[in-house]
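Below is coords.txt, which holds compact mmCIF, C-alpha atoms.
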# COMPACT_ATOMS: atom_id res chain seq x y z
CA MET A 515 9.10 -45.62 97.73
CA SER A 516 8.06 -46.97 94.34
CA TRP A 517 6.11 -50.24 94.04
CA ASN A 518 6.79 -50.54 90.34
CA VAL A 519 8.73 -53.75 89.53
CA GLY A 520 10.46 -52.08 86.57
CA VAL A 521 11.75 -49.24 88.75
CA TRP A 522 13.03 -51.78 91.29
CA ILE A 523 14.84 -53.75 88.57
CA ALA A 524 16.40 -50.59 87.12
CA SER A 525 17.41 -49.36 90.59
CA LEU A 526 19.00 -52.61 91.68
CA LEU A 527 20.87 -52.89 88.39
CA THR A 528 22.08 -49.28 88.83
CA LEU A 529 23.37 -50.07 92.32
CA ALA A 530 24.97 -53.28 91.05
CA ILE A 531 26.94 -51.31 88.44
CA TYR A 532 28.01 -48.68 90.98
CA SER A 533 29.21 -51.44 93.31
CA PHE A 534 32.21 -51.69 90.96
CA LEU A 535 33.46 -48.43 92.48
CA TYR A 536 34.25 -50.42 95.60
CA LYS A 537 35.76 -53.39 93.72
CA ASP A 538 34.94 -55.99 91.09
CA ASN A 539 32.22 -58.22 92.54
CA PRO A 540 29.56 -60.76 91.50
CA PHE A 541 26.75 -58.15 91.51
CA TYR A 542 28.64 -56.04 89.01
CA LYS A 543 29.45 -59.04 86.86
CA VAL A 544 25.80 -60.12 86.75
CA ALA A 545 24.69 -56.61 85.75
CA GLU A 546 27.51 -56.36 83.19
CA ASN A 547 26.54 -59.65 81.54
CA ILE A 548 22.86 -58.70 81.54
CA PHE A 549 23.85 -55.47 79.80
CA VAL A 550 25.89 -57.28 77.13
CA GLY A 551 23.08 -59.79 76.50
CA VAL A 552 20.33 -57.19 76.38
CA SER A 553 22.39 -54.84 74.17
CA ALA A 554 23.28 -57.58 71.67
CA GLY A 555 19.64 -58.69 71.52
CA TYR A 556 18.42 -55.12 71.19
CA TRP A 557 20.75 -54.29 68.31
CA ALA A 558 19.98 -57.56 66.51
CA VAL A 559 16.27 -56.67 66.57
CA VAL A 560 16.79 -53.01 65.64
CA LEU A 561 19.15 -53.77 62.77
CA TRP A 562 16.82 -56.43 61.44
CA PHE A 563 13.72 -54.23 61.49
CA ASP A 564 15.44 -50.98 60.46
CA PHE A 565 17.97 -52.15 57.88
CA THR A 566 17.87 -55.77 56.79
CA TRP A 567 14.11 -56.26 56.52
CA PRO A 568 13.19 -53.02 54.67
CA ASN A 569 16.24 -53.03 52.38
CA LEU A 570 16.63 -56.72 51.56
CA PHE A 571 13.78 -58.99 52.60
CA GLU A 572 10.72 -56.74 52.28
CA PRO A 573 11.33 -56.00 48.55
CA LEU A 574 11.78 -59.72 47.91
CA ILE A 575 8.88 -61.10 49.93
CA ASN A 576 6.24 -58.37 49.59
CA ARG A 577 7.11 -56.98 46.14
CA GLY A 578 8.65 -60.04 44.49
CA ASN A 579 11.83 -58.13 43.69
CA VAL A 580 14.06 -61.12 42.85
CA ILE A 581 17.16 -58.93 42.49
CA SER A 582 17.10 -58.50 46.28
CA LEU A 583 18.33 -62.07 46.47
CA ILE A 584 21.81 -60.79 45.48
CA PRO A 585 22.45 -58.72 48.65
CA ILE A 586 20.84 -61.45 50.78
CA ILE A 587 23.25 -64.03 49.38
CA VAL A 588 26.12 -61.56 49.75
CA GLY A 589 25.10 -60.96 53.39
CA LEU A 590 24.85 -64.69 54.08
CA MET A 591 28.40 -65.05 52.77
CA MET A 592 29.45 -63.37 56.02
CA PHE A 593 28.89 -66.75 57.62
CA ALA A 594 31.21 -68.52 55.12
CA PRO A 595 34.13 -68.80 57.63
CA LEU A 596 32.00 -71.36 59.48
CA ILE A 597 32.71 -73.73 56.54
CA PRO A 598 36.50 -73.76 56.02
CA LYS A 599 36.27 -74.90 52.36
CA ILE A 600 34.40 -71.78 51.27
CA SER A 601 35.69 -69.40 53.93
CA TRP A 602 37.24 -67.12 51.28
CA LEU A 603 33.71 -66.11 50.21
CA VAL A 604 33.59 -63.78 53.21
CA ARG A 605 35.74 -61.45 51.12
CA ILE A 606 32.79 -60.73 48.83
CA PRO A 607 30.55 -58.98 51.43
CA LEU A 608 33.68 -57.38 52.89
CA THR A 609 34.78 -55.92 49.57
CA PHE A 610 31.26 -54.91 48.59
CA THR A 611 30.72 -52.97 51.81
CA MET A 612 34.25 -51.54 51.70
CA GLY A 613 33.77 -50.42 48.09
CA VAL A 614 30.49 -48.64 48.81
CA ALA A 615 31.69 -47.26 52.17
CA MET A 616 34.91 -45.88 50.70
CA ALA A 617 33.03 -44.27 47.81
CA LEU A 618 30.67 -42.67 50.33
CA VAL A 619 33.69 -41.49 52.34
CA VAL A 620 35.26 -39.81 49.31
CA THR A 621 32.09 -38.07 48.17
CA GLN A 622 30.47 -37.26 51.50
CA ARG A 623 33.62 -36.06 53.25
CA ILE A 624 34.49 -33.68 50.44
CA GLN A 625 30.95 -32.38 50.00
CA GLY A 626 29.75 -32.55 53.58
CA GLU A 627 32.82 -31.67 55.61
CA ILE A 628 35.84 -30.30 53.79
CA PHE A 629 34.07 -27.71 51.60
CA PRO A 630 31.62 -26.44 54.26
CA GLN A 631 34.36 -26.25 56.91
CA LEU A 632 36.69 -24.50 54.49
CA GLN A 633 33.93 -22.07 53.60
CA ALA A 634 33.26 -21.42 57.29
CA THR A 635 36.95 -20.56 57.79
CA PHE A 636 36.84 -17.69 55.27
CA LEU A 637 35.61 -15.22 57.84
CA PRO A 638 35.24 -11.43 57.40
CA LEU A 639 38.08 -9.30 58.82
CA ALA A 640 36.56 -5.96 57.91
CA GLY A 641 33.25 -4.35 58.76
CA VAL A 642 32.91 -6.28 62.00
CA SER A 643 33.24 -5.30 65.66
CA PRO A 644 36.72 -5.56 67.28
CA GLY A 645 35.60 -8.58 69.35
CA VAL A 646 34.37 -10.47 66.28
CA LEU A 647 37.52 -9.46 64.39
CA ILE A 648 39.74 -10.99 67.09
CA SER A 649 37.64 -14.16 67.18
CA ASN A 650 37.66 -14.49 63.38
CA LEU A 651 41.43 -13.90 63.25
CA LEU A 652 41.97 -16.52 65.95
CA ILE A 653 39.90 -19.07 64.03
CA ILE A 654 41.84 -18.46 60.79
CA ILE A 655 45.23 -18.54 62.55
CA GLY A 656 44.21 -21.56 64.63
CA VAL A 657 43.15 -23.63 61.60
CA ILE A 658 46.34 -22.78 59.69
CA ALA A 659 48.57 -23.41 62.74
CA THR A 660 46.93 -26.78 63.43
CA LEU A 661 47.37 -27.79 59.80
CA ILE A 662 51.05 -26.73 59.97
CA TYR A 663 51.52 -29.03 62.97
CA PHE A 664 50.29 -31.97 60.87
CA TYR A 665 52.57 -31.08 57.95
CA PHE A 666 55.42 -33.55 58.30
CA SER A 667 57.16 -33.15 54.92
CA LYS A 668 59.48 -30.45 56.27
CA GLU A 669 61.28 -30.10 59.59
CA HIS A 670 59.43 -27.89 62.06
CA LYS A 671 61.99 -25.07 62.22
CA GLY A 672 61.76 -21.29 61.93
CA VAL A 673 58.37 -20.01 60.79
CA LEU A 674 57.10 -23.57 60.36
CA GLY A 675 58.28 -24.41 63.86
CA PHE A 676 56.51 -21.40 65.32
CA GLY A 677 53.34 -22.31 63.42
CA ALA A 678 53.50 -25.88 64.71
CA LYS A 679 54.02 -24.64 68.26
CA LEU A 680 51.02 -22.36 67.91
CA GLY A 681 49.07 -25.33 66.55
CA ILE A 682 49.93 -27.32 69.68
CA TRP A 683 48.62 -24.49 71.89
CA PHE A 684 45.34 -24.39 69.99
CA MET A 685 45.02 -28.15 70.15
CA MET A 686 45.74 -28.18 73.88
CA ILE A 687 42.90 -25.71 74.44
CA ALA A 688 40.64 -27.87 72.25
CA PHE A 689 41.60 -31.07 74.08
CA GLY A 690 41.07 -29.39 77.43
CA ALA A 691 37.68 -28.06 76.34
CA SER A 692 36.69 -31.50 74.98
CA PHE A 693 37.82 -33.12 78.21
CA GLY A 694 35.80 -30.67 80.31
CA TYR A 695 32.80 -31.16 78.05
CA THR A 696 33.05 -34.97 78.34
CA VAL A 697 33.40 -34.81 82.12
CA MET A 698 30.31 -32.63 82.37
CA ALA A 699 28.34 -34.98 80.10
CA ARG A 700 29.27 -37.95 82.32
CA ILE A 701 28.47 -35.97 85.46
CA SER A 702 25.04 -35.09 84.09
CA LEU A 703 24.45 -38.82 83.44
CA LEU A 704 25.52 -39.51 87.02
CA ILE A 705 23.13 -36.84 88.32
CA GLY A 706 20.40 -38.44 86.22
CA ARG A 707 21.00 -41.85 87.77
CA VAL A 708 21.21 -40.48 91.33
CA TYR A 709 18.00 -38.53 90.74
CA PHE A 710 16.35 -41.73 89.46
CA LEU A 711 17.36 -43.57 92.62
CA LEU A 712 16.32 -40.82 95.01
CA HIS A 713 13.17 -39.67 93.18
CA ASN A 714 11.72 -42.55 91.15
CA TRP A 715 12.78 -45.35 93.46
CA LEU A 716 13.01 -44.05 97.03
CA GLY A 717 10.83 -40.97 96.59
CA ILE A 718 13.06 -38.92 98.90
CA ILE A 719 13.29 -35.90 96.59
CA MET B 613 39.69 -65.92 41.58
CA LYS B 614 39.79 -65.72 45.40
CA GLN B 615 41.81 -62.50 45.19
CA THR B 616 40.79 -61.04 41.85
CA LEU B 617 36.99 -61.24 42.26
CA PRO B 618 36.93 -59.34 45.61
CA LEU B 619 39.29 -56.70 44.20
CA PHE B 620 37.10 -56.34 41.13
CA ILE B 621 34.03 -55.90 43.37
CA VAL B 622 35.64 -53.20 45.55
CA PHE B 623 36.97 -51.36 42.49
CA GLY B 624 33.76 -51.69 40.47
CA CYS B 625 31.29 -50.79 43.24
CA GLY B 626 33.47 -48.01 44.63
CA PHE B 627 34.24 -46.20 41.40
CA PHE B 628 30.72 -46.66 40.08
CA MET B 629 29.39 -44.93 43.22
CA ILE B 630 31.90 -42.08 42.85
CA ILE B 631 31.10 -41.61 39.15
CA ALA B 632 27.35 -41.78 39.86
CA PHE B 633 27.77 -38.99 42.40
CA PHE B 634 28.90 -36.66 39.62
CA ILE B 635 26.32 -37.81 37.04
CA PRO B 636 22.81 -36.86 38.22
CA LEU B 637 21.04 -39.03 35.65
CA GLY B 638 18.17 -41.32 36.61
CA GLY B 639 19.85 -44.63 35.73
CA PHE B 640 23.07 -43.86 37.60
CA GLN B 641 21.21 -42.53 40.62
CA ASP B 642 18.87 -45.54 40.75
CA VAL B 643 21.71 -48.06 40.70
CA SER B 644 23.68 -45.97 43.20
CA GLN B 645 20.66 -45.83 45.52
CA THR B 646 20.16 -49.59 45.17
CA PHE B 647 23.81 -50.16 46.13
CA GLU B 648 23.34 -47.93 49.18
CA ASN B 649 20.23 -49.87 50.23
CA TRP B 650 22.05 -53.17 49.78
CA TYR B 651 24.98 -51.77 51.74
CA THR B 652 22.83 -50.81 54.74
CA GLY B 653 21.16 -54.22 54.58
CA VAL B 654 24.40 -56.18 54.28
CA ILE B 655 26.16 -54.16 57.01
CA ALA B 656 23.64 -55.58 59.54
CA PHE B 657 24.95 -59.06 58.78
CA PHE B 658 28.27 -58.01 60.35
CA VAL B 659 26.44 -57.51 63.64
CA PHE B 660 24.61 -60.83 63.22
CA VAL B 661 27.99 -62.53 62.80
CA GLY B 662 29.18 -60.74 65.94
CA ILE B 663 26.16 -62.00 67.89
CA LEU B 664 26.70 -65.53 66.57
CA ASN B 665 30.30 -65.27 67.76
CA LEU B 666 29.14 -64.01 71.16
CA VAL B 667 26.86 -67.04 71.48
CA ARG B 668 29.62 -69.41 70.34
CA VAL B 669 32.24 -68.01 72.74
CA ASN B 670 29.89 -68.06 75.73
CA THR B 671 28.57 -71.53 74.92
CA GLU B 672 32.17 -72.78 74.81
CA ARG B 673 32.85 -71.12 78.18
CA ILE B 674 29.89 -72.93 79.68
CA GLN B 675 30.84 -76.25 78.11
CA LYS B 676 34.47 -76.02 79.26
CA ARG B 677 33.49 -74.62 82.67
CA THR B 678 36.12 -71.88 82.42
CA ARG B 679 36.46 -69.19 85.11
CA ASP B 680 33.21 -67.25 85.76
CA TRP B 681 31.31 -69.44 83.29
CA GLN B 682 28.10 -68.93 85.27
CA TYR B 683 27.87 -65.33 84.02
CA SER B 684 27.80 -66.58 80.44
CA ILE B 685 24.50 -68.32 81.22
CA ILE B 686 23.04 -64.99 82.36
CA LEU B 687 24.30 -63.30 79.19
CA LEU B 688 22.81 -65.96 76.92
CA ILE B 689 19.48 -65.97 78.79
CA PHE B 690 19.06 -62.20 78.43
CA LEU B 691 20.22 -62.25 74.81
CA GLY B 692 17.63 -64.95 74.12
CA ILE B 693 14.82 -63.15 75.98
CA MET B 694 15.53 -59.89 74.15
CA MET B 695 15.61 -61.58 70.73
CA VAL B 696 12.50 -63.66 71.36
CA ALA B 697 10.70 -60.52 72.60
CA GLY B 698 11.80 -58.54 69.55
CA PHE B 699 11.31 -61.15 66.86
CA PHE B 700 8.38 -63.25 68.09
CA ILE B 701 6.42 -61.38 70.77
CA GLY B 702 5.10 -58.12 69.44
CA GLY B 703 8.20 -57.03 67.51
CA ARG B 704 10.04 -53.77 68.14
CA GLU B 705 6.98 -52.08 69.54
CA GLY B 706 5.97 -55.07 71.65
CA ARG B 707 5.33 -54.58 75.37
CA LEU B 708 7.96 -57.06 76.54
CA PHE B 709 10.64 -55.66 74.24
CA LEU B 710 9.95 -52.09 75.35
CA TYR B 711 9.79 -53.20 78.99
CA LEU B 712 13.25 -54.76 78.70
CA PHE B 713 14.51 -51.71 76.85
CA ASP B 714 13.19 -49.26 79.46
CA ASN B 715 14.08 -51.20 82.61
CA PHE B 716 17.27 -53.00 81.61
CA TYR B 717 18.96 -51.48 78.57
CA ILE B 718 18.46 -47.76 79.35
CA PRO B 719 19.40 -47.78 83.07
CA LEU B 720 22.34 -50.13 82.53
CA GLY B 721 23.68 -48.09 79.60
CA ALA B 722 23.31 -44.76 81.42
CA THR B 723 24.90 -46.14 84.60
CA MET B 724 27.80 -47.72 82.70
CA PHE B 725 28.61 -44.40 81.04
CA SER B 726 28.09 -42.39 84.21
CA LEU B 727 30.57 -44.72 85.92
CA LEU B 728 33.20 -43.13 83.68
CA ALA B 729 32.69 -39.83 85.52
CA PHE B 730 34.53 -41.29 88.51
CA PHE B 731 37.38 -42.70 86.45
CA VAL B 732 37.74 -39.57 84.36
CA ALA B 733 37.85 -37.48 87.55
CA SER B 734 40.52 -39.68 89.12
CA ALA B 735 42.52 -39.72 85.85
CA ALA B 736 42.30 -35.93 85.68
CA PHE B 737 43.52 -35.62 89.25
CA ARG B 738 46.67 -37.53 88.30
CA ALA B 739 47.18 -36.09 84.80
CA PHE B 740 46.33 -32.43 85.37
CA ARG B 741 49.64 -31.05 86.47
CA ALA B 742 50.65 -27.65 85.12
CA ARG B 743 54.22 -28.73 84.39
CA THR B 744 54.55 -27.20 80.93
CA PRO B 745 52.83 -24.23 79.23
CA GLU B 746 50.91 -26.68 76.99
CA ALA B 747 49.67 -28.70 79.98
CA THR B 748 48.66 -25.45 81.68
CA LEU B 749 46.59 -24.43 78.65
CA LEU B 750 44.85 -27.80 78.69
CA LEU B 751 44.16 -27.48 82.40
CA ILE B 752 42.82 -23.93 82.14
CA ALA B 753 40.53 -24.78 79.20
CA ALA B 754 39.15 -27.85 80.97
CA VAL B 755 38.54 -25.95 84.22
CA ILE B 756 36.82 -23.06 82.41
CA VAL B 757 34.51 -25.43 80.53
CA MET B 758 33.71 -27.47 83.64
CA ILE B 759 33.04 -24.49 85.92
CA GLY B 760 31.25 -22.48 83.26
CA ARG B 761 28.71 -25.21 82.64
CA VAL B 762 27.40 -25.45 86.19
CA PRO B 763 25.34 -22.89 88.16
CA VAL B 764 28.18 -22.33 90.61
CA GLY B 765 30.27 -20.98 87.71
CA TYR B 766 27.66 -18.33 87.00
CA TRP B 767 27.51 -17.59 90.73
CA ILE B 768 31.32 -17.06 90.91
CA TRP B 769 31.40 -14.84 87.84
CA HIS B 770 28.50 -13.99 85.54
CA GLY B 771 30.81 -14.02 82.51
CA PHE B 772 31.74 -17.71 82.86
CA PRO B 773 29.00 -19.11 80.55
CA SER B 774 29.92 -16.59 77.83
CA LEU B 775 33.61 -17.44 78.23
CA VAL B 776 32.83 -21.14 77.82
CA GLU B 777 30.84 -20.33 74.71
CA TRP B 778 33.82 -18.39 73.32
CA VAL B 779 36.33 -21.14 74.14
CA MET B 780 34.09 -23.73 72.45
CA ASN B 781 33.36 -21.56 69.40
CA VAL B 782 36.76 -19.99 68.72
CA PRO B 783 39.99 -21.80 69.78
CA ASN B 784 38.23 -25.17 70.10
CA THR B 785 36.58 -24.83 66.68
CA ALA B 786 39.84 -23.69 65.07
CA ALA B 787 41.85 -26.66 66.31
CA LYS B 788 39.06 -29.18 65.68
CA ARG B 789 38.68 -27.86 62.15
CA GLY B 790 42.40 -28.27 61.49
CA ILE B 791 42.31 -31.81 62.87
CA LEU B 792 39.18 -32.56 60.82
CA PHE B 793 40.85 -31.41 57.59
CA GLY B 794 43.85 -33.63 58.28
CA ALA B 795 41.69 -36.62 59.22
CA ASP B 796 39.40 -36.22 56.20
CA LEU B 797 42.26 -35.93 53.75
CA GLY B 798 43.87 -38.99 55.32
CA LEU B 799 40.58 -40.88 55.13
CA ILE B 800 40.10 -39.97 51.48
CA SER B 801 43.61 -41.07 50.56
CA MET B 802 43.03 -44.33 52.46
CA ALA B 803 39.71 -44.79 50.63
CA LEU B 804 41.45 -44.38 47.29
CA ARG B 805 44.12 -46.89 48.33
CA VAL B 806 41.37 -49.40 49.20
CA LEU B 807 39.45 -48.80 45.96
CA LEU B 808 42.60 -49.18 43.85
CA GLY B 809 43.50 -52.40 45.62
CA ILE B 810 46.74 -51.05 47.13
CA GLU B 811 45.43 -51.51 50.67
CA ARG B 812 44.19 -55.10 51.14
CA SER B 813 44.69 -55.80 54.83
CA TYR B 814 40.94 -55.56 55.54
CA MET B 815 40.43 -58.74 53.49
CA GLY B 816 42.37 -60.69 56.09
CA GLY B 817 45.09 -63.25 55.56
CA GLY B 818 44.64 -66.77 54.29
CA LYS B 819 45.46 -68.51 51.07
CA GLU B 820 45.37 -66.69 47.75
Represent the structure contained in this file as structure tokens.
Amino acid sequence: MSWNVGVWIASLLTLAIYSFLYKDNPFYKVAENIFVGVSAGYWAVVLWFDFTWPNLFEPLINRGNVISLIPIIVGLMMFAPLIPKISWLVRIPLTFTMGVAMALVVTQRIQGEIFPQLQATFLPLAGVSPGVLISNLLIIIGVIATLIYFYFSKEHKGVLGFGAKLGIWFMMIAFGASFGYTVMARISLLIGRVYFLLHNWLGII
Amino acid sequence: MKQTLPLFIVFGCGFFMIIAFFIPLGGFQDVSQTFENWYTGVIAFFVFVGILNLVRVNTERIQKRTRDWQYSIILLIFLGIMMVAGFFIGGREGRLFLYLFDNFYIPLGATMFSLLAFFVASAAFRAFRARTPEATLLLIAAVIVMIGRVPVGYWIWHGFPSLVEWVMNVPNTAAKRGILFGADLGLISMALRVLLGIERSYMGGGKE
């Protein structure tokens, strides 16, 4: 058994969280609130040191870059709703971030996702082995069928209806695969926690 | 003013960034990069507001002695300890901050997410009924992926891992790609609506 205080804390908190499997109880609630408090504190520190300090305050304080005052003031406007008279000022940081974020969405999605994914869909149908040919054909048909399913401007009848139906089948396989993948990821986390309890804490295995 | 200025900002910043993307000249790129730096800096303020709100809500709960108010004290204590450790005692690399991160944040986060394994399993038990061909496909794909990713799958049939690989790389990729195209096009059209001031709901209500 471990004599490390940190391991004991982590183990007891782990057991407190798992106690929820029986029913909601004070141990779980304590652990849950510790988690919320620690997470909020952690992210406040990380965001400050990784984003706000290097991008806004460091240029102002260490390099005398006065223009950095603009984003600092804009950021502070986030707290404007605390003063009802000037609460509308919160719209300025909101619109600034929305403007930049939306511009990044337009440019990055087109360049980073749509074009590369489209390019990856143009797969060779000749000069490849029969297995690869079938896989490539399935990918091309699957992408088109899924897109047909999301085409709502025309009633899904006839060829369009068949395409949409095929799209549903492909999506069902994808959802099933994603579900299985998620379950396995959670199970591996569970195994990790059980291993921690049995190995690091109790030293049984 | 209260409506026009924010709309001018979203339009100006947004379209400048888009134009700058297509003009690889120093001046445009510098301003664009500055906007991006400001954006990442300002975005953190949203979280700071959230934390302030968390403190306010929990302080109110303690003051009004609402149900389970005692837990709010625990939350505020740990929030305070973490922030003091991070900001005043050694910073991000400080011993206390890392100690709290390793022994509180990591195990609690991992356990919280692993807890979902039980709920997902019980949900699957209720939802996985092969009533229709579509539901059967979903069930088969999920079972193949789950069995194929554990050693027992390989033990049952050596081809299971390869089959999982194929399911993930072919039908899964095809459907995900189709969904991605649809989502991206929708996102881009929404972005243009926001930049042109057609979509304003994110600005909230209130007086003009």
Exercise for review: Would you mind listing what lies within 7 Å of Ala753 of chain B as a count of residues only, with only C-alpha atoms counted and same-chain residues fewer than 5 positions away left out?
Suggested key: 3
Exercise for review: May I have the protein, DNA and RNA residues with an atom at most 12 Å from (37.0, -24.2, 67.2), counting all atoms listed in the file in the file's coordinates, returned as a PyMOL selection string?
Suggested key: (chain A and resi 631+634-635+649-657+660+684-689+691-692) or (chain B and resi 776-792)
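Minimum atom-to-atom distance to Met613 of chain B, evaluated using all atoms listed in the file, belongs to A:Ile606 out of A:Leu535, A:Val614, A:Val521, A:Ile606.
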Exercise for review: Might you pull out every residue within 12 Å of Ala632 of chain B, with only C-alpha atoms counted and same-chain residues fewer than 6 positions away left off, and present them as JSON, numbers by chain?
Suggested key: {"A": [614, 617, 618, 621], "B": [624, 625, 626, 638, 639, 640, 641, 642, 643, 644, 645, 646, 647, 648]}
Exercise for review: Could you give me, as a PyMOL selection string, the residues that sit within 9 Å of (39.5, -28.4, 82.1) in the file's coordinates, counting only C-alpha atoms?
Suggested key: (chain A and resi 687+689-695+697) or (chain B and resi 736+740+749-759)
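Of the residues listed (A:Ala659, A:Ile523, A:Val620, A:Ile719), A:Ala659 shows the shortest atom-to-atom separation from Trp683 of chain A; distances use only C-alpha atoms.
With only C-alpha atoms as the atoms that count, the residue of B:Ala729, B:Leu664, B:Ala697, B:Ile810 with the shortest distance to chain A is B:Ala729.
Atom CA of Arg673 of chain B is positioned 26.5 Å from atom CA of Met591 of chain A.
Nearest residue to chain B, choosing from A:Ala594, A:Leu574, A:Val559, A:Met515 and counting all atoms listed in the file: A:Val559.
Between atom CA of Trp557 of chain A and atom CA of Ser601 of chain A the interatomic distance comes to 25.7 Å.
Here the question is which of A:Trp715, A:Phe666, A:Phe571, A:Tyr709 gets nearest to Leu583 of chain A using only C-alpha atoms, and that residue is A:Phe571.
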